[in-house]
Amino acid sequence: MSRRPDIVLLVLDTQRCDRLSCYGYSRPISPCLDELAAEATLFRRAFATAQWTIPSHASMFTGLYPSEHVTNQSSAALPSGIPTLAERLREGGYMTAAFCNNPLVGVVNNGLRRGFESFLNYSGLLTSYPNQAGAHPGLISRYRQWFKGRLAAMLNRIQNSFAHSELMLEFAFTPLMVPIWQTALSFKGNTPKSLNDAARLLIERRGVEPGQPIFAFINLMGVHTPYHPDRRMLERFAPDVIRDREAARYVRRFNGDVFGWLAPLSGADERYHHVLSDVYDAEVATQDAHLGMFLRRMRESGALDRTLLLICADHGDHLGEKGLVGHTVSVYNELIHVPLIVRDPDGDFPRGAVVDHPVSSRRVFHTLLSAARLASSIERDRSLAQSPAADPDGGTVFSEAEPLQNVLGIMLRRQPDLARARRFDQPRRAVISGSHKLIQTGEDQVELYDLDADPRETINLATMLPERVEELQARLSAFVRRADAAAPLIRRAEGVDDPTVQRRLRELGYLE
C-alpha cells in the first residue's frame with residue numbers, strides 16, 4: 001500500500017481479556033470481535049501499564065510507563081513537554097479526531113486531549129460536538145458554537161473539581177447525586193452514536209483534505225459500571241436478573257453504590273458474584289453487537305481495508321475475585337491482562353497470527369507511529385510488529401498501581417481498618433517475565449505466580465522459588481531506578497534544547 005493507512009485506536013474501556021471467546025472464554029458473548037480477531041494478529045499476553053483509565057491512556061498516548069509520565073492521579077496532568085500520539089500524528093499530516101465516551105479522558109483537564117483537531121465527547125454535563133476540520137459554519141451557527149463552548153468550559157471546570165477534590169468526590173457518592181450523574185451526566189456516554197460518528201468520518205471523509213490520512217481514537221464505556229445491558233442480552237446471558245427479584249434488587253443496589261465500585265471490598269456480596277459476572281457478560285455482548293455494526297459498515301464501504309485497526313483495553317475489572325470489585329486497587333490479571341488485536345492492511349501484522357510473549361500496552365504508541373511512517377528508529381524497534389526475537393523489552397513488562405489519593409482519603413475515613421489491613425494505602429508494582437509474574441506491595445510484601453500453570457493467580461510461589469523472586473525483584477528495582485531518573489528530566493523537557501537534558505534522555509533511551 002503506497003498511501004499511509006488510516007489509523008483507528010479503539011479502546012474497550014474496562015474490557016477483561018478472559019471474557020472474550022478469542023481469548024478462550026466459553027460463552028459466545030463476543031462473536032463480532034472474535035471474527036475480527038481471526039483476520040488479525042492477536043496478542044495473547046498483553047499487559048496494561050496501570051489498573052485504571054488515566055495512567056493507562058497516558059501510557060498508550062506517550063509510550064511511557066506511569067512512573068515516567070507521572071500522570072497517575074485524577075488530579076495530575078500530562079507534562080506539556082511530553083509529546084502525545086495525537087500531536088505527533090497531527091504534525092505528521094494526519095487529521096486527528098477523537099470519539100470519547102469516558103469523562104476521565106474527554107472531560108477532565110489532564111492533557112489527554114492534546115493534539116486532537118476534533119474531539120467529540122459523549123459524556124459529562126454537556127456533550128460536545130465540535131465541527132470536523134474544514135467545515136465553515138454560518139454566523140448563527142458560529143454564535144451557537146461560541147456560546148456552547150463557553151458553557152462547556154464552565155461546566156468542565158465544575159466537573160474537573162470532582163476529580164481534584166476529595167470532598168467533591170465524596171459528595172458525588174451521596175444518594176442524591178448518584179442518579180443525577182448516572183443519567184444527566186451521561187456517565188457511560190453513547191456507544192452507538194460515537195461508533196456511527198467515527199464510521200461517517202472514516203467513510204465519508206467530510207472536511208478531510210484529499211489524500212490526507214485519518215487518526216481516529218475511540219473510547220467505548222459499554223462494559224464499565226453501572227451495568228445497564230440490552231434486555232435481549234440479559235435474557236441470554238443473565239436471566240437470573242429478570243427472573244429473580246433478589247438478584248435484580250442486588251444489581252440495582254450495586255449500580256447505585258458508587259463508593260462500592262471504588263472501595264474494593266464494600267460492593268460485592270459473595271452470594272451474588274455469579275450475578276455480577278453474568279451482567280458483565282451481557283454488557284460485553286451488548287457492546288460487541290454495536291461494534292459489529294461499526295465493523296460491517298467499515299467492511300462494506302472498503303474503509304476497513306485502508307485502515308490499521310488496533311483494538312485493546314485500558315484495564316479490566318474485578319467481579320468479586322480475591323474479594324475485590326472494580327479497578328481501584330490491584331495488579332492481578334483481572335485488571336492488567338488486556339486484549340490487544342491488530343488488523344493491518346499493509347501485512348506487518350499477519351492475519352490469524354497469535355503472539356504469545358508478554359508485551360506492554362505502552363507500545364501502542366510506537367506501533368501506531370510506525371504504521372504512520374513517523375517513528376524514529378528507536379520507536380520502530382518498539383513497534384509490536386517486531387518479532388519476539390527483536391523485542392527490545394526482552395519479554396519483560398511492568399505494571400504499576402499507585403493508590404488513588406482522593407479515593408484513599410475517603411476509604412481511610414469510612415473503612416480505616418480494612419483499608420490498612422489490605423494495604424490499599426501502599427503502591428503495587430508487577431513485573432512479568434516468561435511465565436512468571438511478581439507482585440510487590442509496598443516495600444516488603446511479595447507474591448509470585450506461574451501464569452502458564454495458574455493464570456488466576458491462586459498459588460503464591462514466593463517462598464518456594466526464592467531465587468526467581470530475587471531475580472524479578474532486581475529487574476523491578478532497576479526499572480524503578482530508571483523511571484525515577486527519567487521522570488524529572490521528562491518534566492523538564494519543555495527546555496528540550498538544554499543539551500544536558502538531551503544527553504540524559506538519550507542515555508536513558510527516550511531520544512535517539
# chains A, B, ... in the order shown; residues from 1 in each chain; ligands from 1

call {"tool": "closest_atom_pairs", "arguments": {"of": "stretch 50-88 of chain A", "to": "stretch 393-402 of chain A", "cutoff": "9 Å", "atoms": "only C-alpha atoms", "output": "tab-separated table"}}
result
residue	atom	partner	partner_atom	distance
A:Ala50	CA	A:Glu400	CA	5.0
A:Gln51	CA	A:Ala401	CA	6.0
A:Trp52	CA	A:Ala401	CA	8.3
A:Tyr65	CA	A:Ser399	CA	7.8
A:Pro66	CA	A:Glu400	CA	6.9
A:Ser67	CA	A:Glu400	CA	7.8
A:Asn72	CA	A:Glu402	CA	6.9
A:Gln73	CA	A:Glu402	CA	8.0

call {"tool": "select_by_dssp", "arguments": {"residues": "stretch 9-102 of chain A", "states": "strand (DSSP E or B)", "output": "PDB file with N, CA and C atoms, in the first residue's frame"}}
result
ATOM      1  N   LEU A   9      -7.499   3.693  16.760  1.00  0.00           N
ATOM      2  CA  LEU A   9      -7.190   3.140  18.074  1.00  0.00           C
ATOM      3  C   LEU A   9      -8.512   3.035  18.826  1.00  0.00           C
ATOM      4  N   LEU A  10      -8.982   1.815  19.003  1.00  0.00           N
ATOM      5  CA  LEU A  10     -10.275   1.570  19.640  1.00  0.00           C
ATOM      6  C   LEU A  10     -10.038   0.953  21.012  1.00  0.00           C
ATOM      7  N   VAL A  11     -10.327   1.710  22.060  1.00  0.00           N
ATOM      8  CA  VAL A  11     -10.112   1.257  23.431  1.00  0.00           C
ATOM      9  C   VAL A  11     -11.440   0.802  24.016  1.00  0.00           C
ATOM     10  N   LEU A  12     -11.513  -0.474  24.357  1.00  0.00           N
ATOM     11  CA  LEU A  12     -12.689  -1.043  25.012  1.00  0.00           C
ATOM     12  C   LEU A  12     -12.482  -0.889  26.515  1.00  0.00           C
ATOM     13  N   THR A  41      -3.798 -10.015  13.952  1.00  0.00           N
ATOM     14  CA  THR A  41      -2.810 -10.578  14.875  1.00  0.00           C
ATOM     15  C   THR A  41      -3.305 -10.361  16.296  1.00  0.00           C
ATOM     16  N   LEU A  42      -3.366 -11.416  17.072  1.00  0.00           N
ATOM     17  CA  LEU A  42      -3.862 -11.363  18.448  1.00  0.00           C
ATOM     18  C   LEU A  42      -2.687 -11.549  19.407  1.00  0.00           C
ATOM     19  N   PHE A  43      -2.558 -10.623  20.331  1.00  0.00           N
ATOM     20  CA  PHE A  43      -1.512 -10.698  21.361  1.00  0.00           C
ATOM     21  C   PHE A  43      -2.129 -11.331  22.609  1.00  0.00           C
ATOM     22  N   ALA A  46      -0.836  -9.525  26.527  1.00  0.00           N
ATOM     23  CA  ALA A  46      -0.632  -8.077  26.607  1.00  0.00           C
ATOM     24  C   ALA A  46      -1.024  -7.609  28.000  1.00  0.00           C
ATOM     25  N   PHE A  47      -0.244  -6.669  28.535  1.00  0.00           N
ATOM     26  CA  PHE A  47      -0.486  -6.182  29.894  1.00  0.00           C
ATOM     27  C   PHE A  47      -0.548  -4.660  29.906  1.00  0.00           C
ATOM     28  N   ALA A  50      -1.136   0.141  33.834  1.00  0.00           N
ATOM     29  CA  ALA A  50      -1.758   0.566  35.092  1.00  0.00           C
ATOM     30  C   ALA A  50      -3.143  -0.059  35.171  1.00  0.00           C
ATOM     31  N   MET A  95      -5.152  13.895   9.926  1.00  0.00           N
ATOM     32  CA  MET A  95      -6.295  14.533  10.554  1.00  0.00           C
ATOM     33  C   MET A  95      -6.598  13.731  11.820  1.00  0.00           C
ATOM     34  N   THR A  96      -6.639  14.355  12.974  1.00  0.00           N
ATOM     35  CA  THR A  96      -6.773  13.648  14.249  1.00  0.00           C
ATOM     36  C   THR A  96      -8.140  13.928  14.861  1.00  0.00           C
ATOM     37  N   ALA A  97      -8.878  12.869  15.164  1.00  0.00           N
ATOM     38  CA  ALA A  97     -10.235  13.017  15.708  1.00  0.00           C
ATOM     39  C   ALA A  97     -10.446  12.002  16.820  1.00  0.00           C
ATOM     40  N   ALA A  98     -11.151  12.412  17.863  1.00  0.00           N
ATOM     41  CA  ALA A  98     -11.456  11.526  18.986  1.00  0.00           C
ATOM     42  C   ALA A  98     -12.961  11.405  19.148  1.00  0.00           C
ATOM     43  N   PHE A  99     -13.395  10.209  19.503  1.00  0.00           N
ATOM     44  CA  PHE A  99     -14.801   9.901  19.751  1.00  0.00           C
ATOM     45  C   PHE A  99     -14.833   9.208  21.107  1.00  0.00           C
ATOM     46  N   CYS A 100     -14.993   9.984  22.164  1.00  0.00           N
ATOM     47  CA  CYS A 100     -14.659   9.518  23.512  1.00  0.00           C
ATOM     48  C   CYS A 100     -15.893   9.468  24.406  1.00  0.00           C
TER      49      CYS A 100
END

call {"tool": "residues_around", "arguments": {"residues": "A:Val329", "least_positions_apart": "4", "cutoff": "10 Å", "atoms": "only C-alpha atoms", "output": "PyMOL selection string"}}
result
chain A and resi 51-52+262-264+318+324-325+335+401-404+408+422-428

call {"tool": "atom_distance", "arguments": {"atom1": "atom CA of A:Arg380", "atom2": "atom CA of A:Thr367"}}
result
7.3 Å

call {"tool": "atom_distance", "arguments": {"atom1": "atom CA of A:Thr53", "atom2": "atom CA of A:Ser74"}}
result
9.4 Å

call {"tool": "atom_distance", "arguments": {"atom1": "atom CA of A:Ala371", "atom2": "atom CA of A:Asp348"}}
result
8.8 Å

call {"tool": "closest_residue", "arguments": {"among": "A:Arg19, A:Arg343, A:Arg253, A:Arg351", "to": "A:Asp305", "atoms": "only C-alpha atoms"}}
result
A:Arg343

call {"tool": "residues_around", "arguments": {"residues": "A:Pro5", "least_positions_apart": "4", "cutoff": "12 Å", "atoms": "only C-alpha atoms", "output": "number ranges by chain"}}
result
A: 1, 89, 93-95, 202, 211-216, 303-309, 343-347, 368-373

call {"tool": "closest_residue", "arguments": {"among": "A:Asn406, A:Ser30, A:Thr14, A:Asn219", "to": "A:Val284", "atoms": "only C-alpha atoms"}}
result
A:Ser30
